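Below: input.cif (mmCIF, C-alpha atoms)
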data_protein
loop_
_atom_site.label_atom_id
_atom_site.label_comp_id
_atom_site.auth_asym_id
_atom_site.auth_seq_id
_atom_site.Cartn_x
_atom_site.Cartn_y
_atom_site.Cartn_z
CA MET A 1 -1.46 -24.17 -9.68
CA SER A 2 -1.06 -21.80 -6.76
CA ARG A 3 -1.42 -18.09 -7.12
CA PRO A 4 0.67 -15.83 -4.85
CA GLU A 5 -2.28 -13.43 -4.82
CA GLU A 6 -4.20 -15.98 -2.78
CA ILE A 7 -1.49 -16.41 -0.16
CA ALA A 8 -0.78 -12.94 1.25
CA PRO A 9 -0.75 -9.24 0.33
CA PRO A 10 2.20 -8.31 -1.91
CA GLU A 11 4.21 -6.40 0.70
CA ILE A 12 4.07 -9.45 2.97
CA PHE A 13 4.34 -12.18 0.37
CA TYR A 14 7.47 -10.73 -1.18
CA ASN A 15 9.63 -10.88 1.92
CA ASP A 16 13.40 -11.21 1.87
CA SER A 17 13.51 -14.90 1.06
CA GLU A 18 10.73 -14.77 -1.51
CA SER A 19 12.22 -11.77 -3.29
CA TYR A 20 15.61 -13.48 -3.33
CA LYS A 21 14.02 -16.59 -4.82
CA TYR A 22 12.14 -14.50 -7.34
CA THR A 23 15.09 -12.42 -8.44
CA SER A 24 17.66 -15.20 -8.60
CA SER A 25 15.48 -17.61 -10.51
CA ASN A 26 16.67 -17.92 -14.08
CA ARG A 27 13.24 -18.99 -15.20
CA VAL A 28 11.52 -15.97 -13.70
CA GLN A 29 14.18 -13.68 -15.15
CA HIS A 30 13.69 -15.21 -18.56
CA ILE A 31 9.90 -14.94 -18.47
CA GLN A 32 9.99 -11.39 -17.13
CA ALA A 33 12.43 -10.32 -19.81
CA LYS A 34 10.29 -11.86 -22.51
CA MET A 35 7.16 -10.19 -21.25
CA THR A 36 8.89 -6.81 -20.90
CA LEU A 37 10.12 -7.01 -24.47
CA ARG A 38 6.66 -7.98 -25.65
CA ALA A 39 5.16 -5.05 -23.75
CA LEU A 40 7.68 -2.69 -25.37
CA GLU A 41 6.83 -4.16 -28.75
CA LEU A 42 3.17 -3.40 -28.12
CA LEU A 43 4.01 0.14 -26.98
CA ASN A 44 5.72 0.78 -30.31
CA LEU A 45 7.77 3.78 -29.18
CA ASP A 46 9.99 5.69 -31.55
CA LYS A 47 13.48 4.25 -31.07
CA ASN A 48 15.24 7.42 -32.15
CA GLU A 49 13.81 9.60 -29.43
CA PRO A 50 14.47 9.42 -25.71
CA HIS A 51 11.52 8.36 -23.60
CA PHE A 52 10.68 8.53 -19.94
CA LEU A 53 8.83 5.44 -18.79
CA LEU A 54 7.07 4.44 -15.61
CA ASP A 55 7.44 0.87 -14.41
CA LEU A 56 4.54 0.07 -12.10
CA GLY A 57 5.36 -2.73 -9.73
CA CYS A 58 9.00 -2.78 -10.77
CA GLY A 59 9.93 -5.26 -8.06
CA SER A 60 13.62 -6.01 -8.09
CA GLY A 61 14.08 -4.25 -11.40
CA LEU A 62 14.07 -7.25 -13.70
CA SER A 63 11.91 -5.38 -16.17
CA GLY A 64 13.81 -2.16 -15.50
CA GLU A 65 17.06 -3.73 -16.60
CA ILE A 66 15.49 -4.52 -19.95
CA LEU A 67 14.26 -0.94 -20.21
CA THR A 68 17.79 0.34 -19.55
CA GLU A 69 19.20 -2.06 -22.11
CA GLU A 70 16.72 -0.79 -24.66
CA GLY A 71 17.81 2.76 -23.92
CA TYR A 72 14.85 4.09 -21.96
CA ASN A 73 14.98 6.21 -18.85
CA TRP A 74 12.56 4.94 -16.29
CA LEU A 75 11.21 5.26 -12.81
CA GLY A 76 9.93 2.30 -10.84
CA MET A 77 7.38 1.85 -8.09
CA ASP A 78 6.64 -1.11 -5.88
CA ILE A 79 4.94 -1.89 -2.62
CA ALA A 80 7.33 -4.57 -1.37
CA PRO A 81 10.35 -3.13 0.48
CA SER A 82 12.33 -6.35 0.13
CA MET A 83 11.96 -6.31 -3.62
CA LEU A 84 13.14 -2.69 -3.76
CA ALA A 85 16.08 -3.57 -1.52
CA SER A 86 17.18 -6.24 -3.94
CA ALA A 87 16.71 -3.72 -6.75
CA LEU A 88 19.12 -1.40 -4.93
CA ASP A 89 21.59 -4.25 -4.54
CA ARG A 90 21.41 -4.93 -8.23
CA GLU A 91 22.14 -1.25 -8.95
CA VAL A 92 19.36 -0.63 -11.43
CA GLU A 93 19.38 2.67 -13.30
CA GLY A 94 15.97 4.08 -12.50
CA ASP A 95 14.68 5.87 -9.45
CA LEU A 96 12.73 3.67 -7.07
CA PHE A 97 9.60 4.52 -5.12
CA LEU A 98 7.88 2.67 -2.33
CA ALA A 99 4.16 3.16 -2.88
CA ASP A 100 0.84 1.40 -3.06
CA LEU A 101 -0.55 1.64 -6.57
CA GLY A 102 -4.09 1.36 -5.28
CA ASN A 103 -3.69 4.64 -3.43
CA GLY A 104 -2.84 6.48 -6.59
CA ILE A 105 0.43 7.23 -8.31
CA PRO A 106 1.88 10.48 -6.94
CA PHE A 107 3.04 12.24 -10.07
CA ARG A 108 2.25 15.50 -11.78
CA ALA A 109 0.12 15.46 -14.91
CA GLY A 110 1.81 14.83 -18.22
CA THR A 111 5.06 13.47 -16.85
CA PHE A 112 5.54 10.14 -18.57
CA ASP A 113 5.58 9.11 -22.20
CA ALA A 114 4.40 5.61 -21.44
CA ALA A 115 3.97 3.14 -18.65
CA ILE A 116 4.44 -0.58 -18.36
CA SER A 117 3.58 -3.02 -15.66
CA ILE A 118 4.56 -6.67 -15.58
CA SER A 119 2.56 -9.19 -13.55
CA VAL A 120 1.17 -6.63 -11.15
CA ILE A 121 -2.31 -5.29 -11.62
CA GLN A 122 -4.09 -8.52 -10.67
CA TRP A 123 -2.96 -7.71 -7.12
CA LEU A 124 -5.18 -4.66 -7.19
CA CYS A 125 -8.25 -6.87 -7.47
CA ASN A 126 -7.65 -8.20 -3.96
CA ALA A 127 -9.11 -6.68 -0.84
CA ASP A 128 -6.18 -7.25 1.49
CA ALA A 129 -7.03 -4.87 4.30
CA VAL A 130 -10.16 -3.70 6.04
CA GLY A 131 -11.77 -0.96 4.03
CA ASN A 132 -9.96 -1.89 0.83
CA ASP A 133 -12.40 -1.77 -2.01
CA PRO A 134 -10.82 -3.26 -5.14
CA LYS A 135 -13.13 -1.27 -7.36
CA LYS A 136 -12.15 2.02 -5.73
CA ARG A 137 -8.48 1.11 -5.75
CA LEU A 138 -8.58 0.22 -9.43
CA MET A 139 -10.40 3.43 -10.17
CA ARG A 140 -7.88 5.54 -8.25
CA PHE A 141 -5.06 3.69 -9.99
CA PHE A 142 -6.39 4.25 -13.49
CA ASN A 143 -7.44 7.83 -12.83
CA THR A 144 -4.01 8.88 -11.60
CA LEU A 145 -2.34 6.88 -14.34
CA TYR A 146 -4.41 8.62 -16.98
CA ALA A 147 -3.42 11.98 -15.57
CA LEU A 148 0.30 11.36 -15.37
CA LEU A 149 0.64 10.15 -18.96
CA ARG A 150 1.12 12.70 -21.68
CA ARG A 151 -1.69 12.98 -24.21
CA GLY A 152 -1.27 10.07 -26.55
CA GLY A 153 0.57 8.19 -23.82
CA LYS A 154 0.33 4.44 -23.77
CA PHE A 155 0.14 1.84 -21.07
CA VAL A 156 0.81 -1.87 -21.50
CA ALA A 157 0.32 -4.19 -18.57
CA GLN A 158 0.87 -7.91 -18.50
CA PHE A 159 -1.25 -9.51 -15.83
CA TYR A 160 -2.57 -12.83 -14.62
CA PRO A 161 -6.32 -12.57 -14.21
CA MET A 162 -7.86 -15.12 -11.87
CA ASN A 163 -11.03 -15.31 -13.94
CA ASP A 164 -12.94 -13.45 -16.62
CA LEU A 165 -14.65 -11.37 -13.99
CA GLN A 166 -11.34 -9.80 -12.95
CA THR A 167 -10.47 -9.02 -16.54
CA LYS A 168 -13.84 -7.40 -17.00
CA GLN A 169 -13.50 -5.42 -13.79
CA ILE A 170 -10.07 -4.09 -14.78
CA MET A 171 -11.22 -3.21 -18.29
CA GLU A 172 -14.30 -1.46 -16.97
CA GLN A 173 -12.36 0.78 -14.59
CA ALA A 174 -9.83 1.61 -17.29
CA LYS A 175 -12.64 2.72 -19.59
CA VAL A 176 -14.21 4.82 -16.86
CA ALA A 177 -10.88 6.62 -16.36
CA GLY A 178 -10.88 7.57 -20.03
CA PHE A 179 -8.56 5.02 -21.54
CA ALA A 180 -9.22 3.37 -24.86
CA GLY A 181 -7.94 -0.07 -25.62
CA GLY A 182 -8.40 -3.71 -24.93
CA ILE A 183 -6.78 -6.94 -23.98
CA ILE A 184 -4.38 -8.95 -26.07
CA VAL A 185 -3.99 -12.61 -25.28
CA ASP A 186 -0.75 -14.25 -26.41
CA ASP A 187 -0.77 -18.02 -26.92
CA PRO A 188 -4.45 -18.36 -26.06
CA ASP A 189 -4.40 -22.12 -26.65
CA SER A 190 -1.65 -22.97 -24.22
CA LYS A 191 -2.64 -22.94 -20.59
CA ARG A 192 0.91 -22.35 -19.34
CA LYS A 193 2.14 -19.88 -21.90
CA LYS A 194 -1.07 -17.89 -22.14
CA LYS A 195 -0.38 -14.25 -21.30
CA HIS A 196 -2.80 -11.37 -20.96
CA TYR A 197 -1.73 -7.87 -21.93
CA LEU A 198 -3.87 -4.91 -21.13
CA VAL A 199 -3.17 -2.35 -23.84
CA LEU A 200 -4.44 1.16 -23.26
CA THR A 201 -3.98 4.57 -24.83
CA ALA A 202 -4.69 7.93 -23.22
CA GLY A 203 -5.92 10.11 -26.04
CA GLN A 204 -4.97 10.01 -29.69
CA SER A 205 -1.35 9.26 -30.45
CA ASP A 206 0.59 9.92 -33.64
CA ARG A 207 2.20 6.52 -33.31
CA ASN A 208 -0.24 3.71 -32.93
CA LEU A 209 0.17 0.62 -30.86
CA ASN A 210 1.85 -2.24 -32.56
CA LEU A 211 -0.94 -4.76 -32.84
CA ALA A 212 0.58 -6.79 -35.65
CA GLY A 213 -0.67 -10.33 -35.69
CA ALA A 214 -3.51 -9.70 -33.29
CA GLN A 215 -6.86 -11.19 -34.15
CA MET A 216 -10.03 -9.45 -33.23
CA ASP A 217 -12.08 -11.58 -30.95
CA ALA A 218 -15.34 -9.68 -31.13
CA PRO A 219 -17.90 -11.95 -32.88
CA GLU A 220 -18.69 -10.74 -36.34
CA GLN A 221 -22.28 -9.87 -37.05
CA ARG A 222 -23.13 -11.50 -40.36
CA LYS A 223 -25.42 -9.34 -42.40
CA MET A 224 -28.60 -11.19 -43.25
CA SER A 225 -30.36 -10.62 -46.50
CA ALA A 226 -33.95 -9.40 -46.46
CA LYS A 227 -35.05 -12.74 -47.81
CA MET A 228 -33.29 -14.60 -44.98
CA LYS A 229 -34.82 -12.26 -42.42
CA LYS A 230 -38.30 -12.93 -43.72
CA LYS A 231 -37.69 -16.64 -43.54
CA MET A 232 -36.48 -16.44 -39.95
CA GLU A 233 -39.27 -14.31 -38.53
CA SER A 234 -42.05 -15.71 -36.39
CA ARG A 235 -45.76 -15.43 -37.00
CA LYS A 236 -46.00 -12.59 -34.50
CA ASP A 237 -43.16 -10.65 -36.14
CA TYR A 238 -44.85 -11.14 -39.47
CA ILE A 239 -48.17 -9.72 -38.28
CA ASN A 240 -46.52 -6.78 -36.55
CA ARG A 241 -44.49 -6.00 -39.65
CA LYS A 242 -47.58 -6.06 -41.85
CA LYS A 243 -49.51 -3.87 -39.41
CA GLU A 244 -46.65 -1.36 -39.36
CA THR A 245 -46.60 -1.24 -43.14
CA MET A 246 -50.33 -0.66 -43.29
CA ARG A 247 -50.11 2.05 -40.66
CA ARG A 248 -47.44 3.78 -42.71
CA ARG A 249 -49.74 3.68 -45.71
CA GLY A 250 -52.46 5.39 -43.70
CA ARG A 251 -54.87 2.51 -43.32
CA VAL A 252 -56.93 2.01 -40.20
CA VAL A 253 -55.22 -0.74 -38.26
CA ALA A 254 -56.27 -2.34 -34.98
CA LEU A 255 -54.22 -1.16 -32.01
CA ASP A 256 -51.43 -3.40 -30.72
CA SER A 257 -52.26 -5.23 -27.53
CA LYS A 258 -51.09 -8.28 -25.66
CA PHE A 259 -53.55 -10.30 -27.69
CA THR A 260 -52.08 -9.28 -31.00
CA ALA A 261 -51.02 -12.35 -33.01
CA ARG A 262 -51.91 -14.73 -30.24
CA LYS A 263 -53.10 -18.14 -31.18
CA ARG A 264 -56.80 -18.72 -30.70
CA ARG A 265 -57.65 -21.48 -28.32
CA PRO A 266 -59.98 -24.24 -29.54
CA ARG A 267 -62.71 -23.23 -27.05
CA PHE A 268 -63.09 -19.89 -28.80
CA MET B 1 18.07 34.40 -26.90
CA ARG B 2 21.21 32.68 -25.81
CA THR B 3 22.64 35.72 -24.07
CA ALA B 4 19.87 35.50 -21.50
CA VAL B 5 21.50 32.39 -20.13
CA PRO B 6 24.94 33.03 -18.69
CA ALA B 7 27.58 30.64 -19.92
CA VAL B 8 29.10 30.25 -16.48
CA PRO B 9 28.38 26.90 -14.94
CA GLN B 10 25.60 28.12 -12.74
CA TYR B 11 23.95 24.84 -12.05
CA ILE B 12 26.80 23.07 -10.32
CA ILE B 13 26.52 24.70 -7.01
CA TRP B 14 26.61 21.82 -4.61
CA ARG B 15 29.92 20.53 -5.72
CA ASP B 16 31.59 23.90 -5.37
CA GLU B 17 29.82 24.75 -2.18
CA ARG B 18 31.14 21.65 -0.54
CA LYS B 19 34.68 22.81 -1.10
CA ILE B 20 33.92 26.25 0.22
CA SER B 21 31.95 25.04 3.16
CA ASN B 22 34.71 22.69 4.19
CA ARG B 23 37.16 25.52 4.25
CA ASN B 24 35.09 28.19 5.87
CA THR B 25 31.80 27.79 7.67
CA PRO B 26 29.41 24.84 7.81
CA PRO B 27 26.59 24.90 5.26
CA THR B 28 23.79 27.35 5.85
CA THR B 29 21.90 26.42 8.97
CA GLN B 30 18.65 27.44 7.39
CA THR B 31 18.28 24.43 5.19
CA GLN B 32 20.57 22.00 6.95
CA THR B 33 21.55 20.50 3.66
CA GLN B 34 24.34 18.05 4.03
CA ILE B 35 26.54 16.78 1.33
CA ALA B 36 27.69 13.24 1.58
CA HIS B 37 31.35 12.65 1.04
CA LYS B 38 30.96 8.95 0.78
CA LYS B 39 30.72 7.60 -2.71
CA TYR B 40 27.40 5.83 -3.07
CA ASN B 41 27.11 2.98 -5.44
CA THR B 42 23.38 2.57 -5.42
CA ARG B 43 20.98 4.76 -7.36
CA ASN B 44 19.19 7.46 -5.46
CA MET B 45 16.32 9.78 -6.04
CA LYS B 46 17.43 12.07 -8.84
CA PHE B 47 16.82 15.79 -8.67
CA ILE B 48 14.71 15.61 -11.82
CA THR B 49 12.24 13.36 -10.02
CA THR B 50 11.46 16.12 -7.53
CA ASN B 51 9.92 17.98 -10.43
CA PHE B 52 7.37 15.23 -11.02
CA VAL B 53 6.41 13.90 -7.66
CA LYS B 54 3.48 15.34 -5.79
CA CYS B 55 1.45 14.49 -2.71
CA ALA B 56 -0.27 11.11 -2.94
CA VAL B 57 -3.24 11.99 -0.75
CA LYS B 58 -6.48 12.07 -2.67
CA THR B 59 -7.73 15.32 -1.19
CA CYS B 60 -4.56 17.08 -2.36
CA ASP B 61 -5.25 16.19 -6.01
CA SER B 62 -6.99 19.45 -6.74
CA SER B 63 -4.68 21.60 -4.63
CA VAL B 64 -1.99 23.78 -6.18
CA ASP B 65 0.15 23.45 -3.07
CA ALA B 66 0.60 19.70 -3.42
CA PHE B 67 3.36 20.33 -5.94
CA PRO B 68 6.26 20.73 -5.47
CA LEU B 69 6.80 19.13 -2.11
CA GLN B 70 8.93 20.93 0.42
CA TYR B 71 12.31 19.29 0.93
CA SER B 72 14.17 19.45 4.21
CA ASP B 73 16.96 17.70 6.09
CA CYS B 74 18.24 16.32 2.84
CA GLN B 75 21.46 14.47 2.32
CA ILE B 76 22.69 14.95 -1.19
CA VAL B 77 25.22 13.11 -3.28
CA GLN B 78 26.69 13.73 -6.67
CA GLU B 79 27.10 10.69 -8.77
CA GLU B 80 28.69 10.71 -12.15
CA LEU B 81 26.33 9.34 -14.74
CA GLU B 82 26.41 9.02 -18.48
CA TYR B 83 25.75 12.33 -20.19
CA ASN B 84 22.75 12.16 -22.47
CA PRO B 85 21.96 15.58 -24.01
CA GLU B 86 18.95 14.29 -25.98
CA PHE B 87 17.29 13.15 -22.79
CA ILE B 88 17.94 16.47 -21.07
CA VAL B 89 16.41 18.41 -23.95
CA HIS B 90 13.51 15.97 -24.09
CA MET B 91 12.77 16.39 -20.40
CA LEU B 92 13.43 20.12 -20.30
CA GLU B 93 10.22 20.98 -22.12
CA ARG B 94 8.10 19.23 -19.51
CA LEU B 95 9.94 20.60 -16.49
CA GLU B 96 8.24 23.22 -14.44
CA TRP B 97 11.08 25.61 -13.95
CA ASN B 98 9.51 27.45 -11.02
CA ALA B 99 9.38 24.17 -9.15
CA VAL B 100 12.99 23.44 -10.07
CA VAL B 101 14.07 26.77 -8.60
CA LYS B 102 11.91 26.27 -5.52
CA VAL B 103 13.25 22.79 -4.77
CA ALA B 104 16.82 23.87 -5.45
CA ARG B 105 16.31 26.63 -2.91
CA ASP B 106 15.02 24.06 -0.41
CA LEU B 107 18.19 22.13 -0.97
CA GLY B 108 20.42 25.15 -0.54
CA ASN B 109 21.05 26.34 -4.07
CA GLU B 110 19.90 29.91 -4.57
CA SER B 111 21.67 30.67 -7.81
CA LEU B 112 19.52 29.09 -10.48
CA PRO B 113 18.40 31.46 -13.22
CA PRO B 114 14.72 32.39 -12.81
CA VAL B 115 13.93 31.67 -16.46
CA LYS B 116 14.05 28.24 -18.03
CA PRO B 117 16.83 27.90 -20.61
CA GLU B 118 15.11 27.27 -23.90
CA GLY B 119 15.88 26.53 -27.50
CA LEU B 120 18.75 24.22 -26.63
CA ASP B 121 20.02 21.82 -29.23
CA PRO B 122 21.62 18.53 -28.14
CA ILE B 123 24.11 18.65 -31.02
CA MET B 124 25.11 22.32 -31.00
CA GLU B 125 28.53 22.98 -29.53
CA ASP B 126 27.44 26.28 -27.94
CA ASP B 127 24.74 24.65 -25.85
CA GLN B 128 26.93 21.92 -24.44
CA VAL B 129 28.03 23.96 -21.43
CA ILE B 130 24.48 24.63 -20.31
CA LEU B 131 23.36 21.10 -21.07
CA ARG B 132 26.21 19.65 -19.06
CA ASP B 133 25.29 21.88 -16.15
CA LEU B 134 21.67 20.82 -16.41
CA HIS B 135 22.82 17.22 -16.52
CA THR B 136 24.78 17.78 -13.33
CA LEU B 137 21.80 19.37 -11.66
CA LEU B 138 18.98 17.16 -12.85
CA VAL B 139 20.53 13.73 -13.13
CA GLU B 140 23.75 13.64 -11.15
CA THR B 141 22.47 15.47 -8.11
CA GLN B 142 20.63 12.92 -6.01
CA ILE B 143 18.92 12.76 -2.65
CA VAL B 144 19.82 9.89 -0.34
CA GLU B 145 17.99 10.76 2.83
CA GLY B 146 15.54 13.46 3.64
CA LYS B 147 12.02 14.62 4.24
CA MET B 148 9.37 15.80 1.84
CA VAL B 149 6.42 17.71 3.19
CA CYS B 150 3.21 18.42 1.35
CA ARG B 151 2.48 22.12 1.56
CA ASN B 152 -1.25 21.43 1.54
CA CYS B 153 -1.91 18.57 3.97
CA GLU B 154 1.48 18.69 5.70
CA HIS B 155 1.97 14.98 5.43
CA ILE B 156 5.65 14.05 5.73
CA TYR B 157 7.16 11.59 3.30
CA PHE B 158 10.54 10.21 4.23
CA ILE B 159 13.33 9.35 1.88
CA LYS B 160 15.29 6.52 3.44
CA ASN B 161 18.14 4.60 1.89
CA SER B 162 17.52 6.54 -1.29
CA ILE B 163 13.92 5.29 -1.62
CA PRO B 164 11.08 7.72 -1.02
CA ASN B 165 8.26 6.17 0.93
CA PHE B 166 4.83 7.02 -0.44
CA LEU B 167 2.85 4.47 1.51
CA LEU B 168 -0.04 6.24 3.16
CA PRO B 169 -1.44 5.58 6.62
CA PRO B 170 -4.96 4.07 6.48
CA HIS B 171 -6.73 7.29 7.38
CA LEU B 172 -5.32 9.08 4.33
CA CYS B 173 -5.99 6.33 1.79
#
This entry written out as structure tokens:
Amino acid sequence: MSRPEEIAPPEIFYNDSESYKYTSSNRVQHIQAKMTLRALELLNLDKNEPHFLLDLGCGSGLSGEILTEEGYNWLGMDIAPSMLASALDREVEGDLFLADLGNGIPFRAGTFDAAISISVIQWLCNADAVGNDPKKRLMRFFNTLYALLRRGGKFVAQFYPMNDLQTKQIMEQAKVAGFAGGIIVDDPDSKRKKKHYLVLTAGQSDRNLNLAGAQMDAPEQRKMSAKMKKKMESRKDYINRKKETMRRRGRVVALDSKFTARKRRPRF
Amino acid sequence: MRTAVPAVPQYIIWRDERKISNRNTPPTTQTQTQIAHKKYNTRNMKFITTNFVKCAVKTCDSSVDAFPLQYSDCQIVQEELEYNPEFIVHMLERLEWNAVVKVARDLGNESLPPVKPEGLDPIMEDDQVILRDLHTLLVETQIVEGKMVCRNCEHIYFIKNSIPNFLLPPHLC
């Protein structure tokens, strides 16, 4: 399976022919639409109110069209001029910006109600040019994103991580910027259909994210009974525990050293 | 409250000005604002966006001058779009009216009221006139070509073919 991220930087990879292929492919359209709808479902915005959304890496506006259909006003940004040109040809509703997300998103604080991003942020993990530090770029991206969302704003990003390290790196930078949230994996068992969604909130929101059906992956710590604990402990633990108890009762106890609870050799 | 905002359509200036300027003198030389007569089909940078966008350079983050950008040599079109009063009211609260006035002045409209119209209701009949005017100004007025200059670092961002270019040269990244 080839990854476009490994071939060339986005503004070069998505040239005229590639963006035409991308935009005219029914399969891509279908998948993009599905992922956009899923992202909106996770955002859980109030349908009765108008919202102003930011589409990061809007490309040719495949996701933007869904946003328009769902009744949202949006603004899109992308780094590939060819993709934006095909977005213009398709007469999408939102404003379009040519910008590099890794250099920060140039908007005033508190502008957007929410942001989505479909199949984009894994590009930020690449160092495409001299002096490009993915960590710094991710940090700049998340910092500016945090600022431009209103308090309680939400951000859902579908992305294709190359490995767990990338996921960790992205999550880490998002946390540093002040976001709370995590990653939702849809269809974790299927290699092809597996989709990662980064789900973040900036501050407390009155409307929570829609996490219906999500299973927590964090391993549960089973509480052990005192009896079990005693059974599991080693000889050394046992001696240290007894010494601690005696010390608490005020008895004179030998000081702890590296020899405490060591086994005596036969030559002793 | 409502009397503070005149009921005359104050916000549609460009459309009227075009008629006047065609008859009499060319548009004010000071701003060099041009109004396109051609009907554009594609979407352009809406006026409302000018109220959100600021300089992308990192060192300008903490500067007050980085917003709003200074607009010059702009080509403007008016495109009729669906009127959505709820959206206007929703966005109005987060608009910085001073910046609206400033940018409008850059683009050659001096007649905006200095105070933000407030307390508008998307359903009320009385407010419809103002809301429609705001719709014309914020959504239907669009920039096709032009220049945006950061007042702090003086970096020039170009708007070409209705897409503003915010890519930064390597030394500003």
Taking all atoms listed in the file into account, what are the residues of chain A at most 7 Å from chain B, put as a ChimeraX atom specification? /A:50,88,91-93,95-100,103-108,111
Distance of atom CA of Glu69 of chain A from atom CA of Asp113 of chain A, expressed in Å to one decimal place: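 So the answer is 17.6 Å.
In this model, the gap between atom CA of Thr144 of chain A and atom CA of Ala129 of chain A comes to 21.2 Å.
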Mind pulling up the distance from atom CA of Glu172 of chain A to atom CA of Cys125 of chain A? 12.5 Å
Could you pull the residues within 10 Å of Phe141 of chain A, counting all atoms listed in the file, minus those fewer than 5 positions along the same chain, as a PyMOL selection string? chain A and resi 100-105+121+124+135-136+146+173-174+177
Quick check on the file I pasted: which residues fall under the PyMOL selection byres ((chain A and resi 153-170) around 8)? Write them as a PyMOL selection string. chain A and resi 35+39-40+42-43+112-122+125+135+138+149-152+171-174+195-203+205
